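Q: Structure: structure_18.pdb, PDB, C-alpha atoms, pLDDT in the B column.
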```pdb
MODEL        1
ATOM      1  CA  MET A   1      -6.873   6.617  -2.802  1.00 42.00           C
ATOM      2  CA  PRO A   2      -8.133   3.315  -1.363  1.00 47.00           C
ATOM      3  CA  GLN A   3      -6.442   2.342   1.867  1.00 52.00           C
ATOM      4  CA  GLY A   4      -5.089  -1.145   2.298  1.00 57.00           C
ATOM      5  CA  SER A   5      -5.029  -1.856  -1.438  1.00 62.00           C
ATOM      6  CA  PRO A   6      -1.834  -3.596  -2.568  1.00 63.00           C
ATOM      7  CA  ASP A   7      -1.983  -1.932  -5.987  1.00 68.00           C
ATOM      8  CA  VAL A   8      -1.851   1.783  -5.161  1.00 75.00           C
ATOM      9  CA  LEU A   9       1.285   3.815  -5.723  1.00 74.00           C
ATOM     10  CA  PHE A  10       0.645   6.266  -2.898  1.00 74.00           C
ATOM     11  CA  VAL A  11      -1.934   7.140  -0.254  1.00 82.00           C
ATOM     12  CA  ASP A  12      -3.122  10.650   0.626  1.00 79.00           C
ATOM     13  CA  ASP A  13      -4.917  10.471   3.962  1.00 82.00           C
ATOM     14  CA  GLY A  14      -5.094  14.209   4.591  1.00 81.00           C
ATOM     15  CA  ASP A  15      -2.261  14.999   6.997  1.00 83.00           C
ATOM     16  CA  VAL A  16      -0.420  11.744   6.320  1.00 86.00           C
ATOM     17  CA  LEU A  17       0.896  10.827   2.879  1.00 81.00           C
ATOM     18  CA  THR A  18       2.942   7.782   1.996  1.00 81.00           C
ATOM     19  CA  ALA A  19       4.428   6.313  -1.179  1.00 76.00           C
ATOM     20  CA  ALA A  20       4.932   2.655  -2.092  1.00 73.00           C
ATOM     21  CA  GLY A  21       8.551   3.142  -3.142  1.00 74.00           C
ATOM     22  CA  SER A  22      11.039   5.543  -4.674  1.00 75.00           C
ATOM     23  CA  ALA A  23       9.330   5.827  -8.087  1.00 76.00           C
ATOM     24  CA  ALA A  24       5.963   6.144  -6.348  1.00 77.00           C
ATOM     25  CA  ALA A  25       7.415   9.059  -4.369  1.00 81.00           C
ATOM     26  CA  LEU A  26       7.599  10.942  -7.688  1.00 82.00           C
ATOM     27  CA  ASP A  27       3.936  10.103  -8.268  1.00 81.00           C
ATOM     28  CA  LEU A  28       3.131  11.407  -4.794  1.00 82.00           C
ATOM     29  CA  GLY A  29       5.135  14.593  -5.420  1.00 84.00           C
ATOM     30  CA  LEU A  30       3.257  15.228  -8.659  1.00 85.00           C
ATOM     31  CA  HIS A  31      -0.010  14.565  -6.806  1.00 84.00           C
ATOM     32  CA  LEU A  32       0.924  17.237  -4.256  1.00 88.00           C
ATOM     33  CA  ILE A  33       1.842  19.710  -6.985  1.00 89.00           C
ATOM     34  CA  ARG A  34      -1.425  18.950  -8.814  1.00 87.00           C
ATOM     35  CA  ARG A  35      -3.391  19.352  -5.577  1.00 88.00           C
ATOM     36  CA  ASP A  36      -1.666  22.554  -4.457  1.00 87.00           C
ATOM     37  CA  ARG A  37      -0.746  24.289  -7.726  1.00 91.00           C
ATOM     38  CA  GLY A  38      -3.003  22.729 -10.378  1.00 87.00           C
ATOM     39  CA  ALA A  39      -2.821  20.183 -13.167  1.00 83.00           C
ATOM     40  CA  GLU A  40      -1.060  22.498 -15.627  1.00 87.00           C
ATOM     41  CA  ILE A  41       1.952  23.027 -13.381  1.00 88.00           C
ATOM     42  CA  ALA A  42       2.033  19.344 -12.414  1.00 81.00           C
ATOM     43  CA  THR A  43       2.074  18.411 -16.100  1.00 81.00           C
ATOM     44  CA  ALA A  44       4.921  20.850 -16.760  1.00 84.00           C
ATOM     45  CA  VAL A  45       6.933  19.374 -13.881  1.00 82.00           C
ATOM     46  CA  SER A  46       6.286  15.823 -15.099  1.00 81.00           C
ATOM     47  CA  ARG A  47       7.518  16.756 -18.580  1.00 83.00           C
ATOM     48  CA  ARG A  48      10.639  18.270 -17.086  1.00 83.00           C
ATOM     49  CA  LEU A  49      11.222  15.067 -15.115  1.00 80.00           C
ATOM     50  CA  VAL A  50      10.416  12.933 -18.191  1.00 78.00           C
ATOM     51  CA  PHE A  51       7.931  11.129 -15.992  1.00 72.00           C
ATOM     52  CA  ALA A  52       4.262  10.320 -16.615  1.00 71.00           C
ATOM     53  CA  ALA A  53       1.978  13.022 -15.224  1.00 67.00           C
ATOM     54  CA  HIS A  54      -0.258  10.345 -13.760  1.00 64.00           C
ATOM     55  CA  ARG A  55       0.292   6.605 -13.519  1.00 70.00           C
ATOM     56  CA  ASP A  56      -2.595   4.435 -12.455  1.00 65.00           C
ATOM     57  CA  GLY A  57      -1.919   2.062  -9.573  1.00 61.00           C
ATOM     58  CA  GLY A  58      -2.705  -1.374 -10.944  1.00 56.00           C
ATOM     59  CA  GLN A  59       0.830  -2.477 -10.171  1.00 56.00           C
ATOM     60  CA  ARG A  60       1.518  -4.919  -7.415  1.00 58.00           C
ATOM     61  CA  GLN A  61       4.508  -4.228  -5.305  1.00 57.00           C
ATOM     62  CA  PHE A  62       7.193  -6.880  -5.745  1.00 61.00           C
ATOM     63  CA  VAL A  63       9.143  -6.591  -2.536  1.00 62.00           C
ATOM     64  CA  ASP A  64      11.100  -9.449  -1.031  1.00 69.00           C
ATOM     65  CA  ARG A  65       9.502 -10.488   2.218  1.00 70.00           C
ATOM     66  CA  PRO A  66      12.175 -12.312   4.202  1.00 74.00           C
ATOM     67  CA  LEU A  67      11.161 -14.921   6.739  1.00 70.00           C
ATOM     68  CA  PRO A  68      11.426 -13.613  10.286  1.00 72.00           C
ATOM     69  CA  VAL A  69      14.038 -15.193  12.516  1.00 65.00           C
ATOM     70  CA  VAL A  70      12.287 -17.927  14.475  1.00 52.00           C
ATOM     71  CA  PRO A  71      13.877 -20.063  17.175  1.00 52.00           C
ATOM     72  CA  ASP A  72      14.493 -23.716  16.321  1.00 56.00           C
ATOM     73  CA  THR A  73      11.770 -24.814  18.750  1.00 61.00           C
ATOM     74  CA  SER A  74       9.264 -23.554  16.193  1.00 76.00           C
ATOM     75  CA  LEU A  75       8.516 -24.618  12.651  1.00 89.00           C
ATOM     76  CA  ALA A  76      11.787 -23.137  11.346  1.00 88.00           C
ATOM     77  CA  PRO A  77      13.577 -26.484  10.846  1.00 90.00           C
ATOM     78  CA  VAL A  78      10.669 -28.059   8.950  1.00 94.00           C
ATOM     79  CA  LEU A  79      10.186 -24.884   6.884  1.00 94.00           C
ATOM     80  CA  ALA A  80      13.866 -24.838   5.931  1.00 94.00           C
ATOM     81  CA  TRP A  81      13.702 -28.527   5.042  1.00 95.00           C
ATOM     82  CA  ALA A  82      10.547 -28.036   2.959  1.00 96.00           C
ATOM     83  CA  GLN A  83      12.140 -25.140   1.065  1.00 95.00           C
ATOM     84  CA  GLN A  84      14.947 -27.520   0.030  1.00 96.00           C
ATOM     85  CA  HIS A  85      12.409 -30.124  -1.181  1.00 96.00           C
ATOM     86  CA  LEU A  86       9.827 -28.011  -3.021  1.00 95.00           C
ATOM     87  CA  ASP A  87      10.258 -30.114  -6.162  1.00 94.00           C
ATOM     88  CA  GLU A  88       9.069 -33.211  -4.282  1.00 94.00           C
ATOM     89  CA  PRO A  89       5.504 -34.195  -3.382  1.00 93.00           C
ATOM     90  CA  LEU A  90       4.952 -32.519  -0.010  1.00 95.00           C
ATOM     91  CA  THR A  91       1.785 -33.180   1.932  1.00 95.00           C
ATOM     92  CA  VAL A  92       0.621 -31.969   5.318  1.00 95.00           C
ATOM     93  CA  ALA A  93       1.176 -35.514   6.602  1.00 96.00           C
ATOM     94  CA  ARG A  94       4.775 -35.525   5.342  1.00 96.00           C
ATOM     95  CA  LEU A  95       5.490 -32.093   6.838  1.00 95.00           C
ATOM     96  CA  ALA A  96       3.907 -33.164  10.130  1.00 94.00           C
ATOM     97  CA  ALA A  97       6.031 -36.321  10.198  1.00 94.00           C
ATOM     98  CA  ARG A  98       9.147 -34.244   9.528  1.00 93.00           C
ATOM     99  CA  ALA A  99       8.182 -31.940  12.430  1.00 92.00           C
ATOM    100  CA  ALA A 100       7.401 -34.989  14.597  1.00 90.00           C
ATOM    101  CA  VAL A 101       3.854 -33.772  15.297  1.00 92.00           C
ATOM    102  CA  SER A 102       0.363 -34.753  14.195  1.00 93.00           C
ATOM    103  CA  PRO A 103      -1.226 -33.036  11.173  1.00 95.00           C
ATOM    104  CA  ALA A 104      -3.665 -31.271  13.535  1.00 96.00           C
ATOM    105  CA  THR A 105      -0.779 -29.942  15.658  1.00 93.00           C
ATOM    106  CA  LEU A 106       1.046 -28.839  12.521  1.00 94.00           C
ATOM    107  CA  HIS A 107      -2.040 -26.886  11.415  1.00 95.00           C
ATOM    108  CA  ARG A 108      -2.316 -25.226  14.847  1.00 94.00           C
ATOM    109  CA  ARG A 109       1.386 -24.291  14.842  1.00 93.00           C
ATOM    110  CA  PHE A 110       1.170 -22.918  11.307  1.00 93.00           C
ATOM    111  CA  ARG A 111      -1.823 -20.774  12.259  1.00 93.00           C
ATOM    112  CA  ALA A 112      -0.089 -19.525  15.399  1.00 92.00           C
ATOM    113  CA  GLU A 113       3.373 -18.920  13.918  1.00 90.00           C
ATOM    114  CA  ARG A 114       2.718 -18.157  10.251  1.00 91.00           C
ATOM    115  CA  GLY A 115      -0.891 -16.995  10.222  1.00 93.00           C
ATOM    116  CA  THR A 116      -1.691 -19.389   7.395  1.00 94.00           C
ATOM    117  CA  THR A 117      -2.137 -23.060   6.598  1.00 95.00           C
ATOM    118  CA  PRO A 118       0.672 -25.439   5.654  1.00 96.00           C
ATOM    119  CA  LEU A 119      -0.641 -25.827   2.101  1.00 95.00           C
ATOM    120  CA  ALA A 120      -1.048 -22.054   1.579  1.00 95.00           C
ATOM    121  CA  TRP A 121       2.523 -21.519   2.812  1.00 96.00           C
ATOM    122  CA  LEU A 122       3.749 -24.306   0.536  1.00 96.00           C
ATOM    123  CA  ALA A 123       1.970 -22.800  -2.498  1.00 95.00           C
ATOM    124  CA  ALA A 124       3.496 -19.377  -1.767  1.00 95.00           C
ATOM    125  CA  GLU A 125       6.989 -20.876  -1.419  1.00 96.00           C
ATOM    126  CA  ARG A 126       6.606 -22.762  -4.688  1.00 97.00           C
ATOM    127  CA  VAL A 127       5.492 -19.634  -6.525  1.00 96.00           C
ATOM    128  CA  ALA A 128       8.418 -17.705  -5.016  1.00 95.00           C
ATOM    129  CA  LEU A 129      10.794 -20.376  -6.340  1.00 96.00           C
ATOM    130  CA  ALA A 130       9.123 -20.262  -9.768  1.00 96.00           C
ATOM    131  CA  CYS A 131       9.571 -16.480  -9.785  1.00 95.00           C
ATOM    132  CA  ARG A 132      13.278 -16.808  -8.988  1.00 95.00           C
ATOM    133  CA  LEU A 133      13.695 -19.302 -11.838  1.00 95.00           C
ATOM    134  CA  LEU A 134      11.900 -16.966 -14.272  1.00 94.00           C
ATOM    135  CA  GLU A 135      14.032 -14.037 -13.061  1.00 93.00           C
ATOM    136  CA  ARG A 136      17.168 -16.079 -13.815  1.00 93.00           C
ATOM    137  CA  GLY A 137      15.946 -16.577 -17.369  1.00 89.00           C
ATOM    138  CA  GLU A 138      14.631 -20.141 -17.371  1.00 87.00           C
ATOM    139  CA  GLN A 139      12.691 -20.318 -20.652  1.00 86.00           C
ATOM    140  CA  ARG A 140      10.946 -23.693 -20.403  1.00 94.00           C
ATOM    141  CA  LEU A 141       7.814 -23.390 -18.304  1.00 95.00           C
ATOM    142  CA  GLU A 142       7.652 -27.175 -17.919  1.00 95.00           C
ATOM    143  CA  ARG A 143      11.063 -27.058 -16.223  1.00 96.00           C
ATOM    144  CA  VAL A 144      10.001 -24.161 -13.963  1.00 96.00           C
ATOM    145  CA  ALA A 145       6.762 -25.923 -12.972  1.00 96.00           C
ATOM    146  CA  ARG A 146       8.574 -29.184 -12.213  1.00 96.00           C
ATOM    147  CA  ALA A 147      11.476 -27.579 -10.288  1.00 95.00           C
ATOM    148  CA  ALA A 148       9.081 -25.488  -8.190  1.00 96.00           C
ATOM    149  CA  GLY A 149       6.877 -28.475  -7.410  1.00 95.00           C
ATOM    150  CA  LEU A 150       3.875 -27.006  -9.208  1.00 96.00           C
ATOM    151  CA  GLY A 151       3.598 -30.002 -11.520  1.00 94.00           C
ATOM    152  CA  THR A 152       2.125 -28.662 -14.738  1.00 96.00           C
ATOM    153  CA  THR A 153       2.483 -25.452 -16.715  1.00 96.00           C
ATOM    154  CA  ALA A 154      -1.271 -24.942 -16.292  1.00 97.00           C
ATOM    155  CA  ASN A 155      -0.905 -25.008 -12.500  1.00 96.00           C
ATOM    156  CA  LEU A 156       2.152 -22.734 -12.745  1.00 96.00           C
ATOM    157  CA  ARG A 157       0.085 -20.196 -14.692  1.00 96.00           C
ATOM    158  CA  VAL A 158      -2.832 -20.359 -12.239  1.00 97.00           C
ATOM    159  CA  GLN A 159      -0.683 -20.110  -9.104  1.00 96.00           C
ATOM    160  CA  LEU A 160       1.600 -17.361 -10.454  1.00 96.00           C
ATOM    161  CA  ARG A 161      -1.339 -15.237 -11.595  1.00 95.00           C
ATOM    162  CA  ARG A 162      -3.120 -15.801  -8.258  1.00 94.00           C
ATOM    163  CA  GLN A 163      -0.123 -14.631  -6.242  1.00 92.00           C
ATOM    164  CA  THR A 164       1.480 -11.989  -8.487  1.00 93.00           C
ATOM    165  CA  GLY A 165      -1.276 -10.922 -10.854  1.00 93.00           C
ATOM    166  CA  LEU A 166       0.981 -11.789 -13.810  1.00 93.00           C
ATOM    167  CA  SER A 167       1.299 -14.653 -16.264  1.00 94.00           C
ATOM    168  CA  PRO A 168       4.685 -16.431 -16.377  1.00 95.00           C
ATOM    169  CA  SER A 169       5.622 -14.685 -19.637  1.00 91.00           C
ATOM    170  CA  ALA A 170       4.601 -11.268 -18.266  1.00 92.00           C
ATOM    171  CA  TYR A 171       6.546 -11.932 -15.060  1.00 92.00           C
ATOM    172  CA  ARG A 172       9.628 -12.997 -17.060  1.00 90.00           C
ATOM    173  CA  ALA A 173       9.343  -9.938 -19.301  1.00 89.00           C
ATOM    174  CA  ARG A 174       9.165  -7.630 -16.280  1.00 89.00           C
ATOM    175  CA  PHE A 175      11.758  -9.250 -14.032  1.00 89.00           C
ATOM    176  CA  GLY A 176      13.842 -11.617 -16.161  1.00 86.00           C
ATOM    177  CA  PRO A 177      17.310 -10.900 -17.483  1.00 83.00           C
ATOM    178  CA  GLY A 178      17.409  -8.216 -20.169  1.00 70.00           C
TER     179      GLY A 178
ENDMDL
END
```
Written as structure tokens, that's how I'd like the structure from this file.
A:
Amino acid sequence: MPQGSPDVLFVDDGDVLTAAGSAAALDLGLHLIRRDRGAEIATAVSRRLVFAAHRDGGQRQFVDRPLPVVPDTSLAPVLAWAQQHLDEPLTVARLAARAAVSPATLHRRFRAERGTTPLAWLAAERVALACRLLERGEQRLERVARAAGLGTTANLRVQLRRQTGLSPSAYRARFGPG
């Protein structure tokens, strides 16, 4: 299995094996059975579990990644403010003004504290908001795009696919209300 790939269900690195989650642990268990006892027995076990004998990775892991606790002397206040204003036009200059620093200083602080640029962070936050709206069942993509600050449905589609690997309708189908 490729190491470091976000789409694998489990990794077998010889003496160390790890699964991406609870369902992936079943995949890993079947892998071990297949490796140690053969495909026939692994297939029999998978049938008994009513679980696919082999699922290909190709599935991104959708795990909430909470923001780490950062003291108020950092970017935390401006990040919290920006998260409340994602539907508004937000530029690096506006964020810098809110943080009472120059755009260059804001970029340096973002790199140091977040490991990214202000605009990349902003795009990720907007996509996260769009995902939450789709999960809640919002049907109108124009409304999702506008509320998340992504502007157009075309930009919503591009940004969502870039960050999740899914179209808005596929994301809604997978994570939206039943």
Q: For this file, the PyMOL selection byres ((chain A and resi 155-159) around 8) selects which residues, as an MDAnalysis selection string?
A: chainID A and resid 123 127 130 141 145 150:154 160:163 167:168
Q: Leaving out Leu67 of chain A and any residue of its chain fewer than 4 positions from it, which residues lie within 12 Å of it when counting only C-alpha atoms, given as an NGL selection string?
A: :A and (71 or 75-76 or 79-80 or 83 or 113-114 or 121 or 125)
Q: I would like the residues chosen by the PyMOL selection byres ((chain A and resi 95) around 12) on the shown file; could you give them as a count of residues only?
A: 37
Q: Under the PyMOL selection byres ((chain A and resi 28-43) around 12), which residues of this model are included? Write them out as a ChimeraX atom specification.
A: /A:1,8-27,44-57
Q: Have a look at A:Ala124, A:Pro68, A:Arg108, A:Ala173 and name the one nearest to Gly149 of chain A; count only C-alpha atoms.
A: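 Nearest to Gly149 of chain A: A:Ala124.
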